[in-house]
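Heads up: the structure comes next, in structure tokens.
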Amino acid sequence: MANIKIKKGIDLNLEGAIASAAMESATCKSYAVIPDDFTGIVPRLEVKEGDNVAAGGVLYHDKAFPEVKVVSPVAGRVTSIVRGERRKIEAIVIEADGSGKVKQHDIAGGDARSVLLESGLWCVMRQRPYDIVPNPSVAPRDIFVTAFDSAPLAPDFALLLKGKEKYLQKGIEVLASLTKGDVYLGCRPSWVPDVKGCIVNTFDGPHPAGNVGVQIANVKPVNKGETVWTLDAVSVARIGELFTSGIVPFDTVVAVVGESVKRPHYVRCTMGCTVASLLDGNIENADNARIVSGNLLTGSHVAADGFLRFPYRQLSVIAEVRNSADFLGWASLSPRRFSIYHSFTRWLLRGDKPAEVDAKINGGQRAIIMSGEYDRMLPMDILGEYLIKAIIAFDIDKMEQLGIYEVAPEDFALCEFADTSKLPLQQIVRDGLNKLYKEMN
Amino acid sequence: MKGLRKYLDKIKPNFMPGGKYSKLQSVFEGFESFLFTPNTTSASGVSIHDSNDSKRTMTVVIVSLIPCLLFGMYNIGYQHYLAIGQAASAGFWEMFAYGLLALLPTIVVSYVVGLGIEFIGAQIRHHEIQEGFLVTGLLIPLICPINTPLWMIAVATAFSVIFVKEIFGGTGMNIFNVALMTRAFLFFAYPAKMSGDAAFVATEPILGLGAGNLVDAYSGATPLGQVATATTSNFELTNIVGEPISALDAFIGLIPGSVGETSTLCILIGALILLFTGTASWKVMLSVFVGGLFMGFIANSFPSPTYPASSLSPIEQVCLGGFAFAAVFMATDPVTGARTELGKYIYGFLIGVIAILIRVYNSGYPEGAMLAVLLMNAFAPLIDHFVVQANINRRLKRAKANNKL
């Protein structure tokens with residue numbers, strides 16, 4: 001076990017954190033699977049509107065690799081398949097019928113790989129390069145698991161995994177059977193689960209230490225031509241549970257957080273439930289709320305009538321615009337203004353007062369003027385600015401040389417937050433990876 | 001402020017495409033975003049953004065220039081009253097008012113010409129107006145001699161903004177420092193007005209203020225001008241009325257020179273602001289000074305009457321002339337400087353060395369800081385190239401080692 005110190009990055013102390021570990025339950029009628037959550041899969045539907053599915057029943061498979069399947073989290077009827085531009089599938093909505101029909105997997109017979117593919121849990125993994133659902137025809141060099149989330153207001157994995165240590169252990173054994181290399185588990189020094197069969201590393205330091213990409217970069221970076229798989233420990237426990245009981249667990253614990261939430265707390269619910277059922281009456285100023293499924297750095301913006309999205313463990317709500325007539329905001333001397341830079345006066349506030357934030361970009365998009373801003377937020381041996389420029393220019397050689405295969409959009413989330421030029425860095429990286437994937441395959 | 005916000009919202013359609021004044025769209029949006037932080041929220045990616053934007057960054061640089069600006073105004077007045085023999089009788093405010101009146105037209109011309117071109121450029125490209133010139137427009141008056149004719153400032157500013165910045169794509173895209181290019185343009189196009197004894201001290205009365213005849217001992221040569229024209233290595237630096245000046249005078253800045261560059265003290269105050277706010281890179285700033293002191297030490301170790309400046313001590317070298325100003329405000333321009341962390345040390349160090357090298361061993365130019373920064377601007381991409389290449393090689397090596405296993 002090695003302890004690795006991460007120096008770059010920053011922990012954002014935001015308002016709306018959870019005070020107690022008390023857990024409530026939420027139920028709802030409608031559930032949805034959002035194909036955009038499973039990057040890299042081109043959906044080919046196996047159901048049509050009106051069909052009945054069991055919990056764990058297949059909704060669609062991938063066009064290129066039909067064995068990669070995405071499943072329904074509940075038993076019920078497919079009520080609508082929402083399509084957007086060019087008939088792209090935006091959501092598959094399932095009305096729960098309460099029948100409790102569950103698909104049982106034959107864990108004794110089939111090999112681990114095909115059970116995982118059939119169960120839909122294959123899609124909780126991602127592969128580097130490209131940060132997509134793993135290509136089933138490629139064996140990974142290693143598998144990396146992160147056992148903590150360092151993002152702002154993120155749930156505590158120790159709590160999410162309480163009582164599930166045996167499933168975590170089982171899951172790691174299953175993963176170990178899928179690679180000739182090793183399974184790496186990245187933990188906080190404060191919480192190291194007692195598991196065997198994997199290499200445990202602890203990571204000290206601020207966000208993005210919990211990003212699995214950062215852990216890979218500091219343990220055993222991805223080289224050109226290599227593939228590694230990544231996932232989080234909660235998903236590993238789910239895999240373990242599947243291989244213990246033969247049933248995929250679709251229940252999840254979600255941290256409902258953010259300053260617009262009246263009472264931040266943990267909620268036990270089922271994957272893909274409506275956000276309304278999680279926020280029911282617990283939200284301030286609903287017309288001016290930005291609801292984000294996930295954390296505020298990497299999460300997806302969802303509508304009030306939307307659905308909880310992958311990875312189904314956090315829902316953050318903040319104000320969309322706090323002050324719509326912000327006079328001479330660039331000249332502000334108020335220490336309440338949220339900034340990690342000393343050019344604002346926030347550093348005057350003593351102690352560690354949580355910050356109030358909103359979704360404003362706080363400025364116009366510019367060329368990259370300041371230097372070194374990305375480097376301070378990216379604890380990898382990667383020259384962020386040069387990589388971003390190579391992606392914008394789509395210079396494939398330069399992208400490869402500068403390490404495009406090692407990064408995922410989430411690694412640039414903090415850079416995007418801190419960027420004075422206000423560039424949409426995660427979008428740039430995502431588009432770059434997608435284009436590169438098309439070019440290479 | 002809600003009233004103003006409402007008024008802007010009301011007149012906004014006139015400036016949008018199809019409106020009466022759609023040719024002024026960029027200008028309107030520039031002023032709107034100046035008055036009110038735009039309410040745009042993020043569409044993708046992070047949902048929260050830091051408050052810091054390029055307006056704030058430029059504001060911090062302007063604030064850090066204010067000590068130099070105010071002291072520069074006072075010093076213009078001080079030098080003037082010294083030249084007419086009234087330094088003892090004239091009060092602080094009289095001197096300051098004289099300097100203010102002397103400098104204000106230059107500031108106005110620099111901003112009007114530069115911002116005018118920026119506004120037009122932004123409208124042609126349908127861009128937002130970018131803030132870069134707010135800093136450049138203040139730097140130009142500070143690095144030019146006070147007696148530079150206004151039309152020259154106008155021509156040089158226009159040249160720089162168009163040919164050094166806009167044709168490369170505007171703020172953030174330029175290769176050379178815009179303010180220094182303005183200075184260099186003036187230096188090479190109108191050398192007689194930019195150096196020598198007549199450039200650095202305002203001698204004419206302004207609006208009746210500061211009337212009087214020059215004293216007999218008057219000579220407007222700057223310390224570095226005196227060094228450059230010295231014939232022996234055993235000279236004494238004097239102020240404009242022939243009294244000796246000490247290193248302390250040079251540090252505080254009561255010596256003739258370009259407006260903002262004389263006071264090392266005020267420059268250091270500006271440096272503290274830039275470093276504390278993290279706006280400028282300490283790596284660049286520190287290594288320029290280290291480079292300057294290093295080269296000053298070498299030159300001073302081998303003093304030679306052929307190169308009179310070699311008899312200045314390293315401390316005098318960095319206090320005199322534009323060295324400190326260039327180190328703090330010019331070399332640290334992130335757009336034209338080295339952008340990799342290791343590159344910043346190399347870039348800064350070489351600026352320091354070359355500035356003193358030119359100053360000491362090239363008798364044609366009494367000051368080398370401007371040319372050193374411009375020269376290294378040209379080399380910054382090369383320095384970065386090697387640092388980036390090192391990163392690439394490290395990655396390739398790692399991949400090779402891994403494939404062998």
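Residues are named by chain letter and number: chains run A, B, ... in the order of the structure tokens, numbers start at 1 in each chain, and ligands are numbered from 1 in the order shown.
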
Spatial neighbours of Ala75 of chain A, max dist 12 Å, only C-alpha atoms, sep filter under 2 positions, as a tab-separated table (two decimals) with N, CA, C and O atoms, in the first residue's frame:
chain	number	residue	atom	x	y	z
A	29	LYS	N	-43.30	6.73	-9.53
A	29	LYS	CA	-43.91	5.86	-10.54
A	29	LYS	C	-43.04	5.76	-11.79
A	29	LYS	O	-42.88	4.69	-12.37
A	30	SER	N	-42.48	6.91	-12.20
A	30	SER	CA	-41.77	6.96	-13.48
A	30	SER	C	-40.27	6.82	-13.28
A	30	SER	O	-39.71	7.39	-12.35
A	31	TYR	N	-39.66	6.10	-14.17
A	31	TYR	CA	-38.21	5.96	-14.15
A	31	TYR	C	-37.72	6.14	-15.58
A	31	TYR	O	-38.49	5.94	-16.53
A	32	ALA	N	-36.46	6.51	-15.72
A	32	ALA	CA	-35.96	6.66	-17.08
A	32	ALA	C	-34.52	6.22	-17.17
A	32	ALA	O	-33.75	6.31	-16.21
A	51	ASP	N	-44.29	-2.09	-24.30
A	51	ASP	CA	-43.75	-3.39	-23.86
A	51	ASP	C	-43.61	-3.43	-22.35
A	51	ASP	O	-43.37	-2.41	-21.70
A	52	ASN	N	-43.73	-4.63	-21.80
A	52	ASN	CA	-43.46	-4.81	-20.38
A	52	ASN	C	-42.03	-5.32	-20.21
A	52	ASN	O	-41.56	-6.14	-20.98
A	53	VAL	N	-41.34	-4.77	-19.19
A	53	VAL	CA	-39.99	-5.26	-18.89
A	53	VAL	C	-39.90	-5.62	-17.42
A	53	VAL	O	-40.63	-5.06	-16.60
A	54	ALA	N	-38.98	-6.53	-17.11
A	54	ALA	CA	-38.69	-6.84	-15.71
A	54	ALA	C	-37.55	-5.93	-15.27
A	54	ALA	O	-36.86	-5.35	-16.10
A	55	ALA	N	-37.37	-5.81	-13.95
A	55	ALA	CA	-36.19	-5.09	-13.46
A	55	ALA	C	-34.98	-5.89	-13.91
A	55	ALA	O	-34.87	-7.08	-13.62
A	56	GLY	N	-34.08	-5.23	-14.64
A	56	GLY	CA	-32.93	-5.95	-15.19
A	56	GLY	C	-33.18	-6.44	-16.60
A	56	GLY	O	-32.28	-7.01	-17.22
A	57	GLY	N	-34.38	-6.20	-17.13
A	57	GLY	CA	-34.68	-6.59	-18.51
A	57	GLY	C	-34.00	-5.64	-19.48
A	57	GLY	O	-33.87	-4.45	-19.22
A	58	VAL	N	-33.58	-6.19	-20.64
A	58	VAL	CA	-32.78	-5.40	-21.58
A	58	VAL	C	-33.67	-4.36	-22.29
A	58	VAL	O	-34.75	-4.68	-22.77
A	59	LEU	N	-33.18	-3.10	-22.33
A	59	LEU	CA	-33.87	-2.05	-23.08
A	59	LEU	C	-33.26	-1.87	-24.46
A	59	LEU	O	-33.95	-1.73	-25.45
A	71	VAL	N	-30.06	-1.98	-19.28
A	71	VAL	CA	-31.26	-2.62	-18.75
A	71	VAL	C	-32.16	-1.65	-18.00
A	71	VAL	O	-31.74	-0.54	-17.66
A	72	SER	N	-33.37	-2.10	-17.74
A	72	SER	CA	-34.33	-1.29	-17.00
A	72	SER	C	-34.11	-1.45	-15.50
A	72	SER	O	-33.91	-2.56	-15.02
A	73	PRO	N	-34.16	-0.32	-14.75
A	73	PRO	CA	-33.95	-0.43	-13.29
A	73	PRO	C	-35.19	-0.90	-12.54
A	73	PRO	O	-35.08	-1.25	-11.38
A	77	ARG	N	-43.84	-0.91	-17.52
A	77	ARG	CA	-44.18	-0.81	-18.92
A	77	ARG	C	-43.41	0.37	-19.52
A	77	ARG	O	-43.34	1.44	-18.92
A	78	VAL	N	-42.85	0.19	-20.70
A	78	VAL	CA	-42.17	1.28	-21.40
A	78	VAL	C	-43.26	2.22	-21.91
A	78	VAL	O	-44.02	1.86	-22.80
A	93	VAL	N	-38.60	6.00	-20.99
A	93	VAL	CA	-39.33	6.18	-19.73
A	93	VAL	C	-40.12	4.91	-19.43
A	93	VAL	O	-40.79	4.35	-20.30
A	94	ILE	N	-39.99	4.45	-18.19
A	94	ILE	CA	-40.67	3.21	-17.78
A	94	ILE	C	-41.58	3.53	-16.60
A	94	ILE	O	-41.16	4.18	-15.64
A	95	GLU	N	-42.84	3.13	-16.72
A	95	GLU	CA	-43.79	3.31	-15.63
A	95	GLU	C	-43.74	2.04	-14.77
A	95	GLU	O	-44.03	0.95	-15.28
A	96	ALA	N	-43.40	2.17	-13.48
A	96	ALA	CA	-43.31	0.98	-12.62
A	96	ALA	C	-44.70	0.41	-12.39
A	96	ALA	O	-45.66	1.16	-12.19
A	97	ASP	N	-44.80	-0.92	-12.47
A	97	ASP	CA	-46.13	-1.53	-12.23
A	97	ASP	C	-46.22	-2.22	-10.88
A	97	ASP	O	-47.24	-2.78	-10.53
A	98	GLY	N	-45.14	-2.21	-10.14
A	98	GLY	CA	-45.16	-2.79	-8.81
A	98	GLY	C	-45.23	-4.30	-8.78
A	98	GLY	O	-45.45	-4.91	-7.74
A	99	SER	N	-45.02	-4.94	-9.95
A	99	SER	CA	-45.12	-6.39	-10.01
A	99	SER	C	-43.90	-7.05	-9.36
A	99	SER	O	-43.97	-8.20	-8.94
A	100	GLY	N	-42.81	-6.29	-9.28
A	100	GLY	CA	-41.62	-6.84	-8.65
A	100	GLY	C	-40.94	-7.93	-9.46
A	100	GLY	O	-40.16	-8.71	-8.92
A	101	LYS	N	-41.25	-8.00	-10.76
A	101	LYS	CA	-40.59	-9.01	-11.59
A	101	LYS	C	-39.12	-8.66	-11.75
A	101	LYS	O	-38.76	-7.54	-12.09
A	102	VAL	N	-38.26	-9.62	-11.48
A	102	VAL	CA	-36.82	-9.37	-11.51
A	102	VAL	C	-36.14	-10.41	-12.37
A	102	VAL	O	-36.49	-11.59	-12.31
A	103	LYS	N	-35.21	-9.95	-13.18
A	103	LYS	CA	-34.48	-10.91	-14.00
A	103	LYS	C	-33.41	-11.59	-13.16
A	103	LYS	O	-32.60	-10.93	-12.49
A	250	PHE	N	-30.75	-2.52	-7.91
A	250	PHE	CA	-30.96	-1.22	-8.55
A	250	PHE	C	-31.23	-0.11	-7.55
A	250	PHE	O	-31.49	1.02	-7.92
A	270	THR	N	-34.45	4.29	-6.17
A	270	THR	CA	-34.08	3.39	-7.24
A	270	THR	C	-33.48	4.21	-8.38
A	270	THR	O	-33.90	5.34	-8.63

Exercise. Once you count only C-alpha atoms, which residues of chain A turn out to be within 6 Å of chain B? Could you give them as a ChimeraX atom specification?
Worked result: /A:223,296-298,326-330,338-339,342-343,359-363,367,369-371,401-402,417-418,420,426

Exercise. What is the distance, in Å and to one decimal place, between atom CA of Ile351 of chain B and atom CA of Ile167 of chain B?
Worked result: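 Atom CA of Ile167 of chain B lies 25.9 Å from atom CA of Ile351 of chain B.
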
Exercise. Smallest atom-to-atom distance to Ser324 of chain A: which of A:Asn3, A:Ser300, A:Asn288, A:Asp375, using only C-alpha atoms?
Worked result: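 Of A:Asn3, A:Ser300, A:Asn288, A:Asp375, the one nearest Ser324 of chain A, counting only C-alpha atoms, is A:Asn288.
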
For this session: Write out as a PyMOL selection string which residues come within 12 Å of Ala192 of chain B when counting only C-alpha atoms, dropping same-chain ones fewer than 4 positions away.
Result: chain B and resi 145+147-149+186-188+196-200

Keeping only N, CA and C atoms, write the selected residues to a file as an mmCIF file, in the first residue's frame.
data_model
loop_
_atom_site.group_PDB
_atom_site.id
_atom_site.type_symbol
_atom_site.label_atom_id
_atom_site.label_comp_id
_atom_site.auth_asym_id
_atom_site.auth_seq_id
_atom_site.Cartn_x
_atom_site.Cartn_y
_atom_site.Cartn_z
ATOM 1 N N PRO B 145 8.738 58.817 -22.985
ATOM 2 C CA PRO B 145 9.204 60.075 -22.400
ATOM 3 C C PRO B 145 8.061 61.080 -22.416
ATOM 4 N N ASN B 147 7.919 64.142 -23.131
ATOM 5 C CA ASN B 147 7.845 65.112 -24.226
ATOM 6 C C ASN B 147 7.512 64.495 -25.582
ATOM 7 N N THR B 148 7.111 63.236 -25.616
ATOM 8 C CA THR B 148 6.742 62.634 -26.892
ATOM 9 C C THR B 148 5.519 63.358 -27.452
ATOM 10 N N PRO B 149 5.590 63.865 -28.693
ATOM 11 C CA PRO B 149 4.423 64.563 -29.246
ATOM 12 C C PRO B 149 3.209 63.633 -29.326
ATOM 13 N N LEU B 186 8.251 53.946 -31.738
ATOM 14 C CA LEU B 186 8.663 55.337 -31.533
ATOM 15 C C LEU B 186 10.179 55.446 -31.500
ATOM 16 N N PHE B 187 10.782 54.486 -30.836
ATOM 17 C CA PHE B 187 12.235 54.523 -30.636
ATOM 18 C C PHE B 187 12.974 54.467 -31.968
ATOM 19 N N PHE B 188 12.470 53.640 -32.880
ATOM 20 C CA PHE B 188 13.195 53.497 -34.144
ATOM 21 C C PHE B 188 12.701 54.483 -35.206
ATOM 22 N N GLY B 196 18.003 61.109 -25.622
ATOM 23 C CA GLY B 196 18.772 62.346 -25.533
ATOM 24 C C GLY B 196 18.261 63.218 -24.398
ATOM 25 N N ASP B 197 18.729 64.499 -24.404
ATOM 26 C CA ASP B 197 18.507 65.348 -23.246
ATOM 27 C C ASP B 197 17.141 66.012 -23.227
ATOM 28 N N ALA B 198 16.501 66.121 -24.400
ATOM 29 C CA ALA B 198 15.293 66.947 -24.453
ATOM 30 C C ALA B 198 14.013 66.158 -24.202
ATOM 31 N N ALA B 199 14.116 64.826 -24.102
ATOM 32 C CA ALA B 199 12.899 64.012 -24.119
ATOM 33 C C ALA B 199 12.248 63.843 -22.755
ATOM 34 N N PHE B 200 13.039 63.802 -21.700
ATOM 35 C CA PHE B 200 12.537 63.232 -20.445
ATOM 36 C C PHE B 200 12.084 64.236 -19.397
#

Exercise. In Å, with one decimal, what is the gap from atom CA of Ala289 of chain A to atom CA of Leu159 of chain A?
Worked result: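 Straight-line distance from atom CA of Ala289 of chain A to atom CA of Leu159 of chain A works out to 27.6 Å.
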
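Here atom CA of Ile41 of chain A stands at a distance of 9.5 Å from atom CA of Pro134 of chain A.
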
For this session: Considering only C-alpha atoms, return as an MDAnalysis selection string whatever protein or nucleic-acid residues lie within 8 Å of segment 61-78 of chain B, sequence-local ones (same chain, fewer than 5 positions apart) excluded.
Result: chainID B and resid 87 92 94:100 102:103 134:135 138 142 146 201:202 253:256 259:263 266:267 269:271 273:274 279

Using the selection just defined, write its residues with N, CA and C atoms as a CSV table (one decimal), in the first residue's frame.
chain,number,residue,atom,x,y,z
B,87,ALA,N,12.1,74.2,-7.2
B,87,ALA,CA,11.8,73.0,-6.5
B,87,ALA,C,11.5,73.2,-5.0
B,92,PHE,N,3.7,70.4,-3.0
B,92,PHE,CA,3.5,69.1,-3.5
B,92,PHE,C,2.4,69.1,-4.6
B,94,GLU,N,1.2,71.5,-6.3
B,94,GLU,CA,1.5,72.2,-7.5
B,94,GLU,C,2.2,71.3,-8.5
B,95,MET,N,3.2,70.6,-7.9
B,95,MET,CA,4.0,69.7,-8.8
B,95,MET,C,3.1,68.6,-9.4
B,96,PHE,N,2.3,68.1,-8.5
B,96,PHE,CA,1.4,67.0,-8.9
B,96,PHE,C,0.5,67.5,-10.0
B,97,ALA,N,-0.1,68.7,-9.8
B,97,ALA,CA,-1.0,69.2,-10.8
B,97,ALA,C,-0.3,69.4,-12.1
B,98,TYR,N,0.9,69.9,-12.1
B,98,TYR,CA,1.6,70.1,-13.3
B,98,TYR,C,1.8,68.8,-14.1
B,99,GLY,N,2.2,67.8,-13.3
B,99,GLY,CA,2.5,66.5,-13.9
B,99,GLY,C,1.2,65.9,-14.5
B,100,LEU,N,0.1,66.1,-13.7
B,100,LEU,CA,-1.2,65.5,-14.2
B,100,LEU,C,-1.6,66.2,-15.5
B,102,ALA,N,0.4,67.5,-17.6
B,102,ALA,CA,1.4,67.1,-18.7
B,102,ALA,C,1.1,65.7,-19.2
B,103,LEU,N,0.6,64.8,-18.3
B,103,LEU,CA,0.5,63.4,-18.7
B,103,LEU,C,-0.9,63.1,-19.3
B,134,LEU,N,-7.1,47.9,-22.1
B,134,LEU,CA,-7.2,48.7,-20.9
B,134,LEU,C,-5.9,48.8,-20.2
B,135,VAL,N,-5.1,47.8,-20.2
B,135,VAL,CA,-3.8,47.8,-19.6
B,135,VAL,C,-2.8,48.4,-20.5
B,138,LEU,N,-2.7,52.2,-20.6
B,138,LEU,CA,-2.1,52.9,-19.5
B,138,LEU,C,-0.6,52.7,-19.5
B,142,LEU,N,3.1,55.4,-19.7
B,142,LEU,CA,4.1,55.2,-18.6
B,142,LEU,C,5.5,54.9,-19.1
B,146,ILE,N,8.1,62.0,-21.4
B,146,ILE,CA,6.9,62.9,-21.3
B,146,ILE,C,6.8,63.9,-22.5
B,201,VAL,N,12.3,65.5,-19.6
B,201,VAL,CA,11.9,66.5,-18.6
B,201,VAL,C,11.0,67.5,-19.3
B,202,ALA,N,9.8,67.7,-18.8
B,202,ALA,CA,8.9,68.7,-19.4
B,202,ALA,C,9.3,70.1,-18.9
B,253,GLY,N,12.9,57.3,-7.0
B,253,GLY,CA,12.5,57.6,-8.3
B,253,GLY,C,12.5,59.1,-8.7
B,254,LEU,N,13.2,59.9,-7.9
B,254,LEU,CA,13.2,61.4,-8.2
B,254,LEU,C,14.3,61.7,-9.2
B,255,ILE,N,14.3,60.9,-10.3
B,255,ILE,CA,15.3,61.1,-11.3
B,255,ILE,C,14.5,61.3,-12.7
B,256,PRO,N,15.2,61.8,-13.6
B,256,PRO,CA,14.5,61.9,-14.9
B,256,PRO,C,14.4,60.6,-15.6
B,259,VAL,N,8.0,58.1,-17.8
B,259,VAL,CA,7.1,58.5,-16.7
B,259,VAL,C,7.0,57.5,-15.6
B,260,GLY,N,6.7,56.2,-15.9
B,260,GLY,CA,6.4,55.3,-14.9
B,260,GLY,C,7.6,54.5,-14.4
B,261,GLU,N,8.7,54.6,-15.1
B,261,GLU,CA,9.8,53.7,-14.8
B,261,GLU,C,10.8,54.1,-13.8
B,262,THR,N,10.7,55.4,-13.3
B,262,THR,CA,11.8,55.9,-12.5
B,262,THR,C,11.7,55.3,-11.0
B,263,SER,N,10.5,55.1,-10.5
B,263,SER,CA,10.5,54.8,-9.1
B,263,SER,C,10.5,53.3,-8.9
B,266,CYS,N,7.8,52.3,-6.2
B,266,CYS,CA,6.4,52.2,-6.7
B,266,CYS,C,6.2,50.9,-7.5
B,267,ILE,N,7.2,50.6,-8.3
B,267,ILE,CA,7.2,49.4,-9.1
B,267,ILE,C,7.1,48.2,-8.2
B,269,ILE,N,5.8,48.1,-5.2
B,269,ILE,CA,4.4,48.1,-4.7
B,269,ILE,C,3.5,47.4,-5.7
B,270,GLY,N,3.6,47.8,-6.9
B,270,GLY,CA,2.8,47.2,-8.0
B,270,GLY,C,3.1,45.7,-8.1
B,271,ALA,N,4.4,45.3,-7.9
B,271,ALA,CA,4.8,43.9,-8.0
B,271,ALA,C,4.1,43.1,-6.9
B,273,ILE,N,1.3,43.7,-5.4
B,273,ILE,CA,-0.2,43.6,-5.8
B,273,ILE,C,-0.3,42.4,-6.8
B,274,LEU,N,0.5,42.5,-7.8
B,274,LEU,CA,0.4,41.4,-8.9
B,274,LEU,C,0.7,40.0,-8.3
B,279,THR,N,-1.8,37.4,-10.2
B,279,THR,CA,-2.0,37.8,-11.6
B,279,THR,C,-0.7,37.7,-12.4

Exercise. Quick one: DSSP helix (DSSP H, G or I) residues in segment 155-315 of chain A, as a PyMOL selection string?
Worked result: chain A and resi 157-160+165-176+212-219+233-245+275-279+286-288

Exercise. Which of these, A:Ile247, A:Ile239, A:Val429, A:Leu423, has the shortest distance to Lys164 of chain A once you count only C-alpha atoms?
Worked result: A:Ile239

For this session: If you run DSSP over the backbone, which residues in segment 134-330 of chain A end up strand (DSSP E)? Put them as an MDAnalysis selection string.
Result: chainID A and resid 142:146 183:187 199:204 228:232 251:257 265:270 289:293 300:302 314:319

For this session: Tell me which of A:Lys48, A:Lys69, A:Lys262, A:Arg336 sits closest to Val82 of chain A, counting only C-alpha atoms.
Result: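 When distances to Val82 of chain A are compared using only C-alpha atoms, the smallest one comes from A:Lys48.
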
Exercise. For Tyr167 of chain A, which residue out of A:Asp194, A:Glu439, A:Glu241, A:Asp358 is the nearest one, using only C-alpha atoms?
Worked result: A:Glu241

For Val178 of chain B, list every protein, DNA or RNA residue within 9 Å, evaluated using only C-alpha atoms, and leave out those in the same chain fewer than 4 positions away; present the list as a compact mmCIF listing (two decimals) with all heavy atoms, in the first residue's frame.
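Output saved as result10.txt:
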# COMPACT_ATOMS: atom_id res chain seq x y z
N PHE B 133 -6.68 46.04 -24.03
CA PHE B 133 -6.12 47.37 -24.24
C PHE B 133 -6.25 48.26 -23.02
O PHE B 133 -5.56 49.27 -22.92
CB PHE B 133 -6.74 48.05 -25.47
CG PHE B 133 -5.95 49.25 -25.88
CD1 PHE B 133 -4.77 49.10 -26.60
CD2 PHE B 133 -6.31 50.52 -25.47
CE1 PHE B 133 -4.00 50.19 -26.92
CE2 PHE B 133 -5.53 51.62 -25.80
CZ PHE B 133 -4.38 51.45 -26.53
N THR B 136 -2.82 47.98 -21.77
CA THR B 136 -1.87 48.52 -22.74
C THR B 136 -1.98 50.04 -22.81
O THR B 136 -0.98 50.75 -22.85
CB THR B 136 -2.16 47.94 -24.13
OG1 THR B 136 -2.30 46.53 -24.00
CG2 THR B 136 -1.06 48.25 -25.09
N ILE B 140 1.33 52.49 -22.16
CA ILE B 140 1.99 53.31 -23.19
C ILE B 140 2.43 54.68 -22.62
O ILE B 140 3.61 55.03 -22.74
CB ILE B 140 1.09 53.46 -24.43
CG1 ILE B 140 0.99 52.09 -25.14
CG2 ILE B 140 1.62 54.51 -25.39
CD1 ILE B 140 -0.04 52.05 -26.25
N THR B 157 0.55 54.01 -31.41
CA THR B 157 -0.48 53.17 -30.80
C THR B 157 -1.29 52.47 -31.88
O THR B 157 -1.56 51.27 -31.81
CB THR B 157 -1.41 54.02 -29.92
OG1 THR B 157 -0.62 54.72 -28.98
CG2 THR B 157 -2.42 53.16 -29.20
N SER B 160 0.68 49.68 -33.42
CA SER B 160 0.80 48.51 -32.55
C SER B 160 -0.50 47.73 -32.46
O SER B 160 -0.50 46.50 -32.56
CB SER B 160 1.19 48.94 -31.14
OG SER B 160 2.55 49.01 -31.05
N VAL B 161 -1.59 48.46 -32.23
CA VAL B 161 -2.85 47.75 -32.02
C VAL B 161 -3.23 46.99 -33.29
O VAL B 161 -3.67 45.84 -33.23
CB VAL B 161 -3.96 48.72 -31.59
CG1 VAL B 161 -5.30 48.01 -31.54
CG2 VAL B 161 -3.64 49.30 -30.23
N VAL B 164 0.39 44.63 -34.43
CA VAL B 164 0.97 43.72 -33.45
C VAL B 164 -0.10 42.86 -32.81
O VAL B 164 0.14 41.72 -32.43
CB VAL B 164 1.76 44.51 -32.38
CG1 VAL B 164 2.36 43.57 -31.35
CG2 VAL B 164 2.84 45.33 -33.04
N LYS B 165 -1.33 43.40 -32.70
CA LYS B 165 -2.35 42.64 -32.01
C LYS B 165 -3.49 42.18 -32.91
O LYS B 165 -3.73 40.98 -33.04
CB LYS B 165 -2.91 43.46 -30.85
CG LYS B 165 -3.92 42.68 -30.04
CD LYS B 165 -4.05 43.16 -28.64
CE LYS B 165 -5.01 44.31 -28.53
NZ LYS B 165 -5.30 44.62 -27.13
N ASN B 174 -1.50 37.83 -29.55
CA ASN B 174 -0.34 38.55 -30.06
C ASN B 174 0.97 37.87 -29.67
O ASN B 174 1.05 37.19 -28.65
CB ASN B 174 -0.35 40.01 -29.60
CG ASN B 174 -0.68 40.14 -28.13
OD1 ASN B 174 -1.65 39.57 -27.66
ND2 ASN B 174 0.15 40.84 -27.41
N THR B 182 4.78 49.59 -29.19
CA THR B 182 4.52 51.02 -29.38
C THR B 182 5.79 51.81 -29.10
O THR B 182 6.20 52.68 -29.86
CB THR B 182 3.39 51.47 -28.43
OG1 THR B 182 2.32 50.56 -28.53
CG2 THR B 182 2.93 52.86 -28.76
N ARG B 183 6.41 51.47 -27.99
CA ARG B 183 7.63 52.15 -27.58
C ARG B 183 8.75 51.91 -28.59
O ARG B 183 9.48 52.83 -28.96
CB ARG B 183 8.04 51.62 -26.20
CG ARG B 183 9.31 52.17 -25.62
CD ARG B 183 9.10 53.61 -25.18
NE ARG B 183 10.11 54.07 -24.22
CZ ARG B 183 11.32 54.48 -24.56
NH1 ARG B 183 11.71 54.46 -25.80
NH2 ARG B 183 12.15 54.91 -23.62

For this session: Name the closest residue to Phe144 of chain A among the candidates A:Thr79, A:Thr244, A:Asn201, A:Ser332; distances are taken between atoms, counting only C-alpha atoms.
Result: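 Between A:Thr79, A:Thr244, A:Asn201, A:Ser332, the residue approaching Phe144 of chain A most closely is A:Asn201.
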